[in-house]
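What follows is my_file27.cif (mmCIF, C-alpha atoms).
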```cif
data_input
#
loop_
_atom_site.group_PDB
_atom_site.id
_atom_site.type_symbol
_atom_site.label_atom_id
_atom_site.label_comp_id
_atom_site.auth_asym_id
_atom_site.auth_seq_id
_atom_site.Cartn_x
_atom_site.Cartn_y
_atom_site.Cartn_z
ATOM 1 C CA MET T 1 -68.842 -30.841 4.446
ATOM 2 C CA ILE T 2 -67.448 -32.883 1.491
ATOM 3 C CA LEU T 3 -67.394 -29.800 -0.747
ATOM 4 C CA LYS T 4 -65.502 -27.911 1.958
ATOM 5 C CA LEU T 5 -63.037 -30.767 2.220
ATOM 6 C CA ILE T 6 -62.471 -30.683 -1.541
ATOM 7 C CA THR T 7 -62.224 -26.924 -2.022
ATOM 8 C CA MET T 8 -60.541 -26.095 1.337
ATOM 9 C CA ASN T 9 -61.602 -22.462 1.064
ATOM 10 C CA GLY T 10 -59.808 -22.008 -2.250
ATOM 11 C CA TYR T 11 -56.609 -23.838 -1.259
ATOM 12 C CA GLY T 12 -57.851 -27.297 -2.305
ATOM 13 C CA VAL T 13 -55.908 -27.330 -5.582
ATOM 14 C CA TYR T 14 -52.582 -26.762 -3.787
ATOM 15 C CA VAL T 15 -53.288 -29.112 -0.884
ATOM 16 C CA TRP T 16 -54.659 -32.007 -2.952
ATOM 17 C CA MET T 17 -51.923 -31.596 -5.557
ATOM 18 C CA SER T 18 -49.238 -31.751 -2.831
ATOM 19 C CA PHE T 19 -50.697 -34.894 -1.271
ATOM 20 C CA SER T 20 -51.218 -36.470 -4.718
ATOM 21 C CA ILE T 21 -47.614 -35.808 -5.828
ATOM 22 C CA VAL T 22 -46.297 -37.317 -2.599
ATOM 23 C CA PHE T 23 -48.441 -40.447 -2.740
ATOM 24 C CA ILE T 24 -48.036 -41.068 -6.481
ATOM 25 C CA SER T 25 -44.235 -40.683 -6.207
ATOM 26 C CA CYS T 26 -44.060 -42.914 -3.141
ATOM 27 C CA ALA T 27 -46.245 -45.580 -4.768
ATOM 28 C CA PHE T 28 -44.116 -45.468 -7.924
ATOM 29 C CA VAL T 29 -40.865 -45.898 -5.945
ATOM 30 C CA TYR T 30 -42.427 -48.696 -3.858
ATOM 31 C CA PHE T 31 -43.524 -50.726 -6.889
ATOM 32 C CA LYS T 32 -40.262 -50.087 -8.737
ATOM 33 C CA THR T 33 -38.226 -51.244 -5.716
ATOM 34 C CA LYS T 34 -40.431 -54.315 -5.292
ATOM 35 C CA LYS T 35 -40.082 -55.176 -8.992
ATOM 36 C CA THR T 36 -36.273 -54.885 -8.808
ATOM 37 C CA LEU T 37 -36.220 -57.097 -5.700
ATOM 38 C CA LYS T 38 -38.334 -59.752 -7.424
ATOM 39 C CA LYS T 39 -36.088 -59.551 -10.501
ATOM 40 C CA TYR T 40 -32.977 -60.215 -8.418
ATOM 41 C CA GLU T 41 -34.700 -63.063 -6.553
ATOM 42 C CA GLN T 42 -35.582 -64.655 -9.904
ATOM 43 C CA GLU T 43 -32.045 -64.179 -11.213
ATOM 44 C CA PHE T 44 -30.697 -65.732 -8.013
ATOM 45 C CA LEU T 45 -32.979 -68.743 -8.476
ATOM 46 C CA LYS T 46 -31.905 -69.084 -12.109
ATOM 47 C CA GLU T 47 -28.300 -69.025 -10.983
ATOM 48 C CA LEU T 48 -29.131 -71.719 -8.435
ATOM 49 C CA GLN T 49 -30.710 -73.871 -11.175
ATOM 50 C CA THR T 50 -27.515 -73.802 -13.222
ATOM 51 C CA LEU T 51 -25.598 -75.544 -10.420
ATOM 52 C CA THR T 52 -25.139 -79.300 -10.264
ATOM 53 C CA LEU T 53 -27.201 -81.131 -7.632
ATOM 54 C CA GLU T 54 -24.188 -81.431 -5.350
ATOM 55 C CA GLU T 55 -23.302 -77.729 -5.676
ATOM 56 C CA LYS T 56 -26.939 -76.793 -5.192
ATOM 57 C CA ASN T 57 -27.282 -78.820 -1.998
ATOM 58 C CA LYS T 58 -24.049 -77.346 -0.683
ATOM 59 C CA ALA T 59 -25.237 -73.824 -1.476
ATOM 60 C CA LEU T 60 -28.575 -74.472 0.253
ATOM 61 C CA GLU T 61 -26.836 -75.965 3.272
ATOM 62 C CA THR T 62 -24.483 -73.048 3.722
ATOM 63 C CA SER T 63 -26.751 -70.185 2.705
ATOM 64 C CA LYS T 64 -29.899 -69.391 4.683
ATOM 65 C CA VAL T 65 -30.603 -66.622 2.165
ATOM 66 C CA ALA T 66 -30.751 -69.190 -0.645
ATOM 67 C CA GLN T 67 -33.125 -71.308 1.467
ATOM 68 C CA GLN T 68 -35.358 -68.302 2.137
ATOM 69 C CA ILE T 69 -35.544 -67.240 -1.512
ATOM 70 C CA LEU T 70 -36.321 -70.802 -2.559
ATOM 71 C CA THR T 71 -39.050 -71.069 0.101
ATOM 72 C CA ILE T 72 -40.628 -67.753 -0.911
ATOM 73 C CA SER T 73 -40.576 -68.610 -4.600
ATOM 74 C CA SER T 74 -42.123 -72.043 -4.003
ATOM 75 C CA LYS T 75 -44.884 -70.370 -1.927
ATOM 76 C CA VAL T 76 -45.572 -67.875 -4.753
ATOM 77 C CA ASN T 77 -45.574 -70.576 -7.421
ATOM 78 C CA MET P 1 -21.813 -60.603 18.259
ATOM 79 C CA PHE P 2 -20.332 -60.176 14.778
ATOM 80 C CA LYS P 3 -22.087 -63.358 13.628
ATOM 81 C CA PHE P 4 -25.381 -61.669 14.487
ATOM 82 C CA PHE P 5 -24.591 -58.948 11.924
ATOM 83 C CA SER P 6 -23.875 -61.442 9.141
ATOM 84 C CA SER P 7 -25.751 -60.833 5.895
ATOM 85 C CA THR P 8 -27.759 -64.035 6.442
ATOM 86 C CA ASN P 9 -29.032 -62.919 9.843
ATOM 87 C CA ILE P 10 -29.681 -59.394 8.574
ATOM 88 C CA TYR P 11 -31.644 -60.905 5.666
ATOM 89 C CA LEU P 12 -33.864 -62.891 8.047
ATOM 90 C CA ILE P 13 -34.439 -59.851 10.275
ATOM 91 C CA ILE P 14 -35.324 -57.762 7.194
ATOM 92 C CA GLN P 15 -37.975 -60.339 6.184
ATOM 93 C CA LYS P 16 -39.632 -59.992 9.599
ATOM 94 C CA LEU P 17 -39.377 -56.186 9.673
ATOM 95 C CA VAL P 18 -40.905 -55.826 6.198
ATOM 96 C CA LYS P 19 -43.846 -58.001 7.264
ATOM 97 C CA PHE P 20 -44.298 -55.965 10.451
ATOM 98 C CA ILE P 21 -44.210 -52.589 8.659
ATOM 99 C CA ASN P 22 -46.642 -53.841 5.999
ATOM 100 C CA SER P 23 -49.068 -54.928 8.713
ATOM 101 C CA ILE P 24 -49.251 -51.553 10.508
ATOM 102 C CA PHE P 25 -48.513 -49.077 7.694
ATOM 103 C CA PHE P 26 -51.994 -48.549 6.231
ATOM 104 C CA LEU P 27 -53.643 -48.126 9.616
ATOM 105 C CA ILE P 28 -51.188 -45.370 10.612
ATOM 106 C CA LEU P 29 -51.495 -43.816 7.136
ATOM 107 C CA ILE P 30 -55.290 -43.560 7.443
ATOM 108 C CA ILE P 31 -54.992 -42.049 10.942
ATOM 109 C CA GLY P 32 -52.383 -39.569 9.694
ATOM 110 C CA LEU P 33 -54.440 -38.527 6.651
ATOM 111 C CA THR P 34 -57.608 -38.115 8.745
ATOM 112 C CA PHE P 35 -55.776 -35.824 11.143
ATOM 113 C CA ALA P 36 -53.922 -33.909 8.409
ATOM 114 C CA LEU P 37 -56.830 -33.352 6.013
ATOM 115 C CA VAL P 38 -59.901 -33.319 8.255
ATOM 116 C CA LEU P 39 -59.314 -32.946 12.000
ATOM 117 C CA SER P 40 -56.442 -30.458 12.223
ATOM 118 C CA PRO P 41 -57.521 -26.790 12.295
ATOM 119 C CA PRO P 42 -56.692 -24.283 9.538
ATOM 120 C CA ASP P 43 -54.007 -21.675 10.290
ATOM 121 C CA TYR P 44 -55.209 -18.195 11.291
ATOM 122 C CA LEU P 45 -53.069 -16.614 8.520
ATOM 123 C CA GLN P 46 -52.531 -19.310 5.893
ATOM 124 C CA GLY P 47 -55.932 -20.976 6.175
ATOM 125 C CA ASP P 48 -56.148 -24.535 4.827
ATOM 126 C CA ALA P 49 -52.907 -24.129 2.840
ATOM 127 C CA VAL P 50 -51.120 -25.025 6.086
ATOM 128 C CA ARG P 51 -52.153 -28.673 5.524
ATOM 129 C CA ILE P 52 -49.327 -28.909 2.965
ATOM 130 C CA MET P 53 -47.013 -28.749 6.000
ATOM 131 C CA TYR P 54 -47.998 -32.337 6.895
ATOM 132 C CA VAL P 55 -46.265 -33.683 3.789
ATOM 133 C CA HIS P 56 -43.694 -30.928 3.236
ATOM 134 C CA VAL P 57 -42.004 -30.894 6.663
ATOM 135 C CA PRO P 58 -41.567 -34.698 7.123
ATOM 136 C CA SER P 59 -40.205 -34.925 3.545
ATOM 137 C CA ALA P 60 -37.632 -32.204 4.239
ATOM 138 C CA TRP P 61 -36.612 -33.754 7.581
ATOM 139 C CA ILE P 62 -36.121 -37.214 6.078
ATOM 140 C CA GLY P 63 -34.243 -35.758 3.092
ATOM 141 C CA LEU P 64 -31.824 -34.052 5.500
ATOM 142 C CA ALA P 65 -31.581 -37.005 7.890
ATOM 143 C CA CYS P 66 -30.725 -39.432 5.061
ATOM 144 C CA PHE P 67 -27.832 -37.245 3.915
ATOM 145 C CA PHE P 68 -26.584 -36.927 7.493
ATOM 146 C CA VAL P 69 -26.580 -40.735 7.849
ATOM 147 C CA ILE P 70 -24.856 -41.128 4.467
ATOM 148 C CA THR P 71 -22.107 -38.696 5.531
ATOM 149 C CA LEU P 72 -21.626 -40.402 8.885
ATOM 150 C CA LEU P 73 -21.426 -43.888 7.358
ATOM 151 C CA SER P 74 -19.138 -42.642 4.551
ATOM 152 C CA ILE P 75 -16.672 -41.301 7.121
ATOM 153 C CA LEU P 76 -16.864 -44.521 9.167
ATOM 154 C CA ASN P 77 -16.463 -46.639 6.037
ATOM 155 C CA TYR P 78 -13.471 -44.573 4.954
ATOM 156 C CA ILE P 79 -11.788 -45.099 8.333
ATOM 157 C CA PHE P 80 -12.819 -48.639 9.311
ATOM 158 C CA LYS P 81 -13.483 -50.124 5.834
ATOM 159 C CA ILE P 82 -16.809 -51.705 6.800
ATOM 160 C CA LYS P 83 -18.299 -52.789 3.489
ATOM 161 C CA ASN P 84 -21.808 -53.050 4.895
ATOM 162 C CA PHE P 85 -21.930 -49.249 5.260
ATOM 163 C CA TYR P 86 -21.343 -48.936 1.536
ATOM 164 C CA PHE P 87 -24.426 -51.064 0.835
ATOM 165 C CA ILE P 88 -26.477 -49.191 3.442
ATOM 166 C CA ASN P 89 -25.550 -45.859 1.843
ATOM 167 C CA LYS P 90 -26.366 -47.183 -1.610
ATOM 168 C CA SER P 91 -29.816 -48.159 -0.315
ATOM 169 C CA ILE P 92 -30.475 -44.901 1.557
ATOM 170 C CA ALA P 93 -29.459 -42.410 -1.158
ATOM 171 C CA PRO P 94 -32.499 -42.902 -3.473
ATOM 172 C CA ILE P 95 -34.830 -42.468 -0.476
ATOM 173 C CA GLY P 96 -33.104 -39.209 0.454
ATOM 174 C CA LEU P 97 -33.344 -37.984 -3.124
ATOM 175 C CA LEU P 98 -37.043 -38.856 -3.312
ATOM 176 C CA PHE P 99 -37.887 -36.961 -0.123
ATOM 177 C CA THR P 100 -35.716 -33.958 -1.011
ATOM 178 C CA CYS P 101 -37.481 -33.672 -4.377
ATOM 179 C CA LEU P 102 -40.862 -34.007 -2.633
ATOM 180 C CA ALA P 103 -39.917 -31.296 -0.122
ATOM 181 C CA ILE P 104 -39.006 -28.950 -2.993
ATOM 182 C CA ALA P 105 -42.156 -29.768 -4.994
ATOM 183 C CA THR P 106 -44.568 -29.456 -2.063
ATOM 184 C CA GLY P 107 -42.730 -26.341 -0.861
ATOM 185 C CA SER P 108 -43.304 -24.799 -4.264
ATOM 186 C CA LEU P 109 -47.013 -25.688 -4.068
ATOM 187 C CA TRP P 110 -47.149 -24.116 -0.600
ATOM 188 C CA GLY P 111 -45.226 -21.039 -1.754
ATOM 189 C CA GLN P 112 -47.695 -20.058 -4.464
ATOM 190 C CA PRO P 113 -50.727 -19.381 -2.205
ATOM 191 C CA THR P 114 -48.691 -18.006 0.733
ATOM 192 C CA TRP P 115 -45.850 -16.016 -0.912
ATOM 193 C CA GLY P 116 -47.437 -15.498 -4.336
ATOM 194 C CA THR P 117 -44.618 -17.323 -6.158
ATOM 195 C CA TRP P 118 -43.730 -20.911 -7.033
ATOM 196 C CA TRP P 119 -40.014 -20.356 -6.590
ATOM 197 C CA ALA P 120 -37.573 -17.763 -5.234
ATOM 198 C CA TRP P 121 -33.778 -17.880 -5.060
ATOM 199 C CA ASP P 122 -34.106 -17.701 -1.307
ATOM 200 C CA ALA P 123 -31.319 -19.190 0.908
ATOM 201 C CA ARG P 124 -33.422 -22.119 2.230
ATOM 202 C CA LEU P 125 -34.853 -23.055 -1.156
ATOM 203 C CA THR P 126 -31.519 -22.753 -2.946
ATOM 204 C CA SER P 127 -29.667 -24.820 -0.320
ATOM 205 C CA MET P 128 -32.349 -27.540 -0.578
ATOM 206 C CA LEU P 129 -31.884 -27.513 -4.357
ATOM 207 C CA ALA P 130 -28.120 -27.904 -3.779
ATOM 208 C CA LEU P 131 -28.857 -30.912 -1.542
ATOM 209 C CA MET P 132 -30.879 -32.465 -4.364
ATOM 210 C CA PHE P 133 -27.894 -32.090 -6.728
ATOM 211 C CA PHE P 134 -25.549 -33.633 -4.140
ATOM 212 C CA TYR P 135 -27.894 -36.628 -3.986
ATOM 213 C CA ILE P 136 -27.943 -36.872 -7.794
ATOM 214 C CA PHE P 137 -24.125 -36.754 -8.012
ATOM 215 C CA TYR P 138 -23.884 -39.280 -5.177
ATOM 216 C CA ILE P 139 -26.227 -41.755 -6.911
ATOM 217 C CA LEU P 140 -24.519 -41.187 -10.265
ATOM 218 C CA THR P 141 -21.217 -42.471 -8.836
ATOM 219 C CA PHE P 142 -22.853 -45.884 -8.321
ATOM 220 C CA LYS P 143 -24.334 -45.866 -11.806
ATOM 221 C CA LEU P 144 -21.375 -44.520 -13.770
ATOM 222 C CA LEU P 145 -18.308 -45.969 -12.045
ATOM 223 C CA ASN P 146 -17.377 -49.664 -12.094
ATOM 224 C CA ASN P 147 -14.499 -49.917 -9.669
ATOM 225 C CA GLU P 148 -15.842 -50.402 -6.129
ATOM 226 C CA GLU P 149 -12.794 -48.795 -4.461
ATOM 227 C CA LEU P 150 -13.185 -45.727 -6.672
ATOM 228 C CA ILE P 151 -16.949 -45.582 -6.015
ATOM 229 C CA ILE P 152 -16.330 -45.569 -2.252
ATOM 230 C CA LYS P 153 -13.730 -42.805 -2.578
ATOM 231 C CA VAL P 154 -15.734 -40.554 -4.913
ATOM 232 C CA SER P 155 -19.062 -41.058 -3.113
ATOM 233 C CA SER P 156 -17.431 -40.387 0.275
ATOM 234 C CA ILE P 157 -15.953 -37.118 -1.032
ATOM 235 C CA ILE P 158 -19.359 -36.071 -2.403
ATOM 236 C CA ALA P 159 -21.021 -36.947 0.928
ATOM 237 C CA ILE P 160 -18.437 -35.061 3.007
ATOM 238 C CA VAL P 161 -18.513 -31.971 0.750
ATOM 239 C CA GLY P 162 -22.313 -32.138 0.655
ATOM 240 C CA SER P 163 -22.524 -32.308 4.437
ATOM 241 C CA ILE P 164 -21.254 -28.697 4.583
ATOM 242 C CA ASN P 165 -24.619 -27.816 3.072
ATOM 243 C CA LEU P 166 -26.580 -29.393 5.975
ATOM 244 C CA PRO P 167 -25.943 -26.652 8.597
ATOM 245 C CA ILE P 168 -26.461 -24.067 5.830
ATOM 246 C CA ILE P 169 -29.946 -25.504 5.203
ATOM 247 C CA LYS P 170 -30.712 -25.606 8.932
ATOM 248 C CA TYR P 171 -29.543 -22.077 9.765
ATOM 249 C CA SER P 172 -30.275 -20.345 6.414
ATOM 250 C CA VAL P 173 -33.507 -18.910 7.836
ATOM 251 C CA GLU P 174 -31.572 -17.335 10.711
ATOM 252 C CA TRP P 175 -28.419 -16.196 8.845
ATOM 253 C CA TRP P 176 -30.220 -14.524 5.938
ATOM 254 C CA ALA P 177 -33.483 -12.663 5.417
ATOM 255 C CA THR P 178 -35.543 -15.365 3.700
ATOM 256 C CA LEU P 179 -39.071 -15.798 2.416
ATOM 257 C CA HIS P 180 -39.103 -19.147 4.217
ATOM 258 C CA GLN P 181 -40.321 -18.896 7.796
ATOM 259 C CA PRO P 182 -37.976 -19.724 10.722
ATOM 260 C CA ALA P 183 -38.251 -23.148 12.378
ATOM 261 C CA SER P 184 -41.442 -23.620 14.420
ATOM 262 C CA ILE P 185 -40.261 -26.869 16.015
ATOM 263 C CA LYS P 186 -37.089 -26.790 18.054
ATOM 264 C CA ILE P 187 -35.315 -29.693 19.748
ATOM 265 C CA THR P 188 -33.861 -27.306 22.324
ATOM 266 C CA GLY P 189 -36.270 -24.579 23.401
ATOM 267 C CA SER P 190 -40.019 -24.254 23.103
ATOM 268 C CA SER P 191 -41.813 -24.934 19.826
ATOM 269 C CA THR P 192 -44.232 -22.354 18.433
ATOM 270 C CA ILE P 193 -46.637 -24.858 16.903
ATOM 271 C CA HIS P 194 -49.977 -25.684 18.538
ATOM 272 C CA SER P 195 -50.474 -29.258 19.768
ATOM 273 C CA GLU P 196 -53.495 -29.649 17.445
ATOM 274 C CA MET P 197 -51.089 -29.277 14.515
ATOM 275 C CA MET P 198 -48.135 -30.953 16.173
ATOM 276 C CA LEU P 199 -49.970 -34.281 16.628
ATOM 277 C CA PRO P 200 -50.885 -34.750 12.924
ATOM 278 C CA LEU P 201 -47.389 -33.664 11.963
ATOM 279 C CA MET P 202 -45.854 -36.338 14.188
ATOM 280 C CA VAL P 203 -48.246 -39.014 12.907
ATOM 281 C CA MET P 204 -47.400 -38.094 9.311
ATOM 282 C CA LEU P 205 -43.699 -38.134 10.199
ATOM 283 C CA LEU P 206 -44.170 -41.672 11.523
ATOM 284 C CA VAL P 207 -45.917 -42.671 8.278
ATOM 285 C CA PHE P 208 -43.053 -41.261 6.195
ATOM 286 C CA LEU P 209 -40.444 -42.902 8.427
ATOM 287 C CA LEU P 210 -42.144 -46.280 8.106
ATOM 288 C CA TYR P 211 -42.306 -45.864 4.345
ATOM 289 C CA ALA P 212 -38.619 -44.864 4.209
ATOM 290 C CA ALA P 213 -37.721 -47.883 6.375
ATOM 291 C CA LEU P 214 -39.725 -50.194 4.106
ATOM 292 C CA ILE P 215 -38.001 -48.961 0.942
ATOM 293 C CA PHE P 216 -34.613 -49.093 2.641
ATOM 294 C CA LEU P 217 -35.154 -52.693 3.767
ATOM 295 C CA MET P 218 -36.274 -53.762 0.292
ATOM 296 C CA LYS P 219 -33.307 -52.078 -1.352
ATOM 297 C CA TYR P 220 -30.892 -53.497 1.201
ATOM 298 C CA LYS P 221 -32.375 -56.955 0.702
ATOM 299 C CA THR P 222 -31.757 -56.555 -3.042
ATOM 300 C CA GLU P 223 -28.119 -55.717 -2.301
ATOM 301 C CA ILE P 224 -27.736 -58.835 -0.118
ATOM 302 C CA ILE P 225 -29.185 -61.019 -2.897
ATOM 303 C CA ARG P 226 -26.752 -59.442 -5.365
ATOM 304 C CA ILE P 227 -23.810 -60.306 -3.110
ATOM 305 C CA LYS P 228 -25.097 -63.834 -2.508
ATOM 306 C CA LYS P 229 -25.601 -64.301 -6.251
ATOM 307 C CA LYS P 230 -21.982 -63.356 -6.857
ATOM 308 C CA ASN P 231 -20.798 -65.744 -4.155
ATOM 309 C CA ILE P 232 -23.066 -68.679 -4.927
ATOM 310 C CA LYS P 233 -20.595 -70.430 -7.252
ATOM 311 C CA ARG P 234 -17.712 -69.834 -4.883
ATOM 312 C CA ASN P 235 -19.559 -71.765 -2.168
#
```
Represent the supplied structure as structure tokens.
Amino acid sequence: MILKLITMNGYGVYVWMSFSIVFISCAFVYFKTKKTLKKYEQEFLKELQTLTLEEKNKALETSKVAQQILTISSKVN
Amino acid sequence: MFKFFSSTNIYLIIQKLVKFINSIFFLILIIGLTFALVLSPPDYLQGDAVRIMYVHVPSAWIGLACFFVITLLSILNYIFKIKNFYFINKSIAPIGLLFTCLAIATGSLWGQPTWGTWWAWDARLTSMLALMFFYIFYILTFKLLNNEELIIKVSSIIAIVGSINLPIIKYSVEWWATLHQPASIKITGSSTIHSEMMLPLMVMLLVFLLYAALIFLMKYKTEIIRIKKKNIKRN
């Protein structure tokens, strides 16, 4: 049964290679996209840190996105 | 109504959607793979090589659909100047390129055991290759150009010119004598694919769509953060 699943009557190389290419490529793109997103979140936080306390509070009051990123980063840390 | 579509609201919706997709993705993936690799029957002519269809066909469909959406949004952006469409297109294009490349690669792997060749300058294969180049040129405009106005103009032209290729891809198997088989699944008219193969194909399509949605949402979220980062000091 397992051997049949692996060899697929001689077509196993083509089938498994196709599925492997798809899943390796998709995983690569997923992790690359996630890494870029994290990088931008970190850069955003750094930018937020450079602001004065007053500017920072104003930014957090007006921007829900800033609040969200700050919340997520504090959860991670 | 327009407030609902503000980047802040979109950002919050994206957070929830990403969580939802992450929670159901692996379950549907396992179901799809079980059907595609184990439960679905082999083809009476192609044998088990037909299982490549379960990754090849959804990849090709999504590759085509992404370019169609890009063209549509480019035209709308050109007319109505809705900047959000520009960011949506920027986020969709890499997904379209990925799936077009995967359709070509898996098609080549399917071609070898069934046609006896990895590649042929057949109308369907060549038009898919052309689509891949349109995607590359489209993405290059974002990487190489700096002026946003110019990027919108050039990328819209590429999308509109490239859209001429979409009906060519669709009807290439009918207009020319090709190695590639005609469509088995038709929106209008009866499909010639058995339900035992149709079900895994649809499950795998759902898996690929969820994956594409996940990548799109992450890329779009990155774009929103970039805009917010630019605006943070102005606030």
Report, as JSON, the centre and edge lengths in Å (one decimal) of the axis-aligned box enclosing every listed atom of region 145-158 of chain P, padded by 3 Å on each side.
```
{"center_x": -16.1, "center_y": -43.2, "center_z": -5.9, "size_x": 12.6, "size_y": 20.3, "size_z": 18.4}
```
query = For the file shown, what are the residues hit by the PyMOL selection byres ((chain T) within 6 of (chain P)), laid out as a PyMOL selection string?
reply = chain T and resi 8+11+14-15+18+37+44+65
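Straight-line separation from CA of Thr114 (chain P) to CA of Ile193 (chain P): 17.7 Å.
Nearest to Leu201 (chain P) of all the residues P:Phe35, P:Phe67, P:Tyr86, P:Phe20 is P:Phe35, based on only C-alpha atoms.
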ask   = At what distance in Å, to one decimal, does CA of Ile169 (chain P) lie from CA of Ser127 (chain P)?
value =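 Computing it gives 5.6 Å between the two atoms.
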message = Which residues would end up in the selection if the PyMOL selection byres ((chain P and resi 176-187) around 8) were applied here, given that I need the answer as a PyMOL selection string?
response = chain P and resi 115+122-125+172-175+188-193
Just-selected residues, C-alpha atoms written as a JSON list (two decimals), in the coordinates of the input:
```
[["chain", "number", "residue", "atom", "x", "y", "z"],
["P", 115, "TRP", "CA", -45.85, -16.02, -0.91],
["P", 122, "ASP", "CA", -34.11, -17.70, -1.31],
["P", 123, "ALA", "CA", -31.32, -19.19, 0.91],
["P", 124, "ARG", "CA", -33.42, -22.12, 2.23],
["P", 125, "LEU", "CA", -34.85, -23.06, -1.16],
["P", 172, "SER", "CA", -30.28, -20.34, 6.41],
["P", 173, "VAL", "CA", -33.51, -18.91, 7.84],
["P", 174, "GLU", "CA", -31.57, -17.34, 10.71],
["P", 175, "TRP", "CA", -28.42, -16.20, 8.85],
["P", 188, "THR", "CA", -33.86, -27.31, 22.32],
["P", 189, "GLY", "CA", -36.27, -24.58, 23.40],
["P", 190, "SER", "CA", -40.02, -24.25, 23.10],
["P", 191, "SER", "CA", -41.81, -24.93, 19.83],
["P", 192, "THR", "CA", -44.23, -22.35, 18.43],
["P", 193, "ILE", "CA", -46.64, -24.86, 16.90]]
```
Do a neighbour search on Asn165 (chain P) at 9 Å with all atoms listed in the file, toss out local chain neighbours closer than 4 positions, and write the hits as a CSV table (one decimal) with C-alpha atoms, keeping the file's coordinate frame.
```csv
chain,number,residue,atom,x,y,z
P,127,SER,CA,-29.7,-24.8,-0.3
P,128,MET,CA,-32.3,-27.5,-0.6
P,130,ALA,CA,-28.1,-27.9,-3.8
P,131,LEU,CA,-28.9,-30.9,-1.5
P,161,VAL,CA,-18.5,-32.0,0.8
P,169,ILE,CA,-29.9,-25.5,5.2
P,170,LYS,CA,-30.7,-25.6,8.9
```
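Closest approach to Thr71 (chain P) among P:Asn89, P:Thr117, P:Asn22, P:Asn84: P:Asn89, based on all atoms listed in the file.
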task = Work out how far CA of Ile227 (chain P) is from CA of Tyr135 (chain P), in Å to one decimal.
result = 24.0 Å
key: Residue neighbourhood Tyr78 (chain P), 8 Å, all atoms listed in the file, exclusion window fewer than 2 positions, as a list in words   =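 Listing them by chain and then by number gives Ser74, Ile75, Leu76, Phe80, Lys81, Ile152, Lys153 and Ser156 of chain P.
When you apply the PyMOL selection byres ((chain P and resi 163) around 10) to this structure, what comes back is Leu64, Phe67, Phe68, Val69, Ile70, Thr71, Leu72, Leu131, Phe134, Ile157, Ile158, Ala159, Ile160, Val161, Gly162, Ile164, Asn165, Leu166, Pro167 and Ile168 of chain P.
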Incomplete region 18-30 of chain T filled out to N, CA and C atoms as a PDB file, in the coordinates of the input:
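Resulting contents of rebuild34.pdb:
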```pdb
ATOM      1  N   SER T  18     -50.409 -31.385  -3.654  1.00  0.00           N
ATOM      2  CA  SER T  18     -49.238 -31.751  -2.831  1.00  0.00           C
ATOM      3  C   SER T  18     -49.339 -33.195  -2.349  1.00  0.00           C
ATOM      4  N   PHE T  19     -50.510 -33.525  -1.783  1.00  0.00           N
ATOM      5  CA  PHE T  19     -50.697 -34.894  -1.271  1.00  0.00           C
ATOM      6  C   PHE T  19     -50.641 -35.921  -2.415  1.00  0.00           C
ATOM      7  N   SER T  20     -51.220 -35.540  -3.569  1.00  0.00           N
ATOM      8  CA  SER T  20     -51.218 -36.470  -4.718  1.00  0.00           C
ATOM      9  C   SER T  20     -49.793 -36.721  -5.197  1.00  0.00           C
ATOM     10  N   ILE T  21     -49.005 -35.650  -5.357  1.00  0.00           N
ATOM     11  CA  ILE T  21     -47.614 -35.808  -5.828  1.00  0.00           C
ATOM     12  C   ILE T  21     -46.849 -36.736  -4.893  1.00  0.00           C
ATOM     13  N   VAL T  22     -47.011 -36.505  -3.588  1.00  0.00           N
ATOM     14  CA  VAL T  22     -46.297 -37.317  -2.599  1.00  0.00           C
ATOM     15  C   VAL T  22     -46.701 -38.788  -2.715  1.00  0.00           C
ATOM     16  N   PHE T  23     -48.007 -39.056  -2.762  1.00  0.00           N
ATOM     17  CA  PHE T  23     -48.441 -40.447  -2.740  1.00  0.00           C
ATOM     18  C   PHE T  23     -48.202 -41.164  -4.068  1.00  0.00           C
ATOM     19  N   ILE T  24     -48.315 -40.440  -5.181  1.00  0.00           N
ATOM     20  CA  ILE T  24     -48.036 -41.068  -6.481  1.00  0.00           C
ATOM     21  C   ILE T  24     -46.531 -41.401  -6.572  1.00  0.00           C
ATOM     22  N   SER T  25     -45.691 -40.440  -6.157  1.00  0.00           N
ATOM     23  CA  SER T  25     -44.235 -40.683  -6.207  1.00  0.00           C
ATOM     24  C   SER T  25     -43.845 -41.844  -5.307  1.00  0.00           C
ATOM     25  N   CYS T  26     -44.402 -41.849  -4.093  1.00  0.00           N
ATOM     26  CA  CYS T  26     -44.060 -42.914  -3.141  1.00  0.00           C
ATOM     27  C   CYS T  26     -44.529 -44.279  -3.660  1.00  0.00           C
ATOM     28  N   ALA T  27     -45.723 -44.305  -4.232  1.00  0.00           N
ATOM     29  CA  ALA T  27     -46.245 -45.580  -4.768  1.00  0.00           C
ATOM     30  C   ALA T  27     -45.369 -46.051  -5.919  1.00  0.00           C
ATOM     31  N   PHE T  28     -44.963 -45.121  -6.779  1.00  0.00           N
ATOM     32  CA  PHE T  28     -44.116 -45.468  -7.924  1.00  0.00           C
ATOM     33  C   PHE T  28     -42.795 -46.079  -7.439  1.00  0.00           C
ATOM     34  N   VAL T  29     -42.155 -45.407  -6.474  1.00  0.00           N
ATOM     35  CA  VAL T  29     -40.865 -45.898  -5.945  1.00  0.00           C
ATOM     36  C   VAL T  29     -41.055 -47.264  -5.272  1.00  0.00           C
ATOM     37  N   TYR T  30     -42.167 -47.424  -4.538  1.00  0.00           N
ATOM     38  CA  TYR T  30     -42.427 -48.696  -3.858  1.00  0.00           C
ATOM     39  C   TYR T  30     -42.521 -49.843  -4.870  1.00  0.00           C
TER      40      TYR T  30
END
```
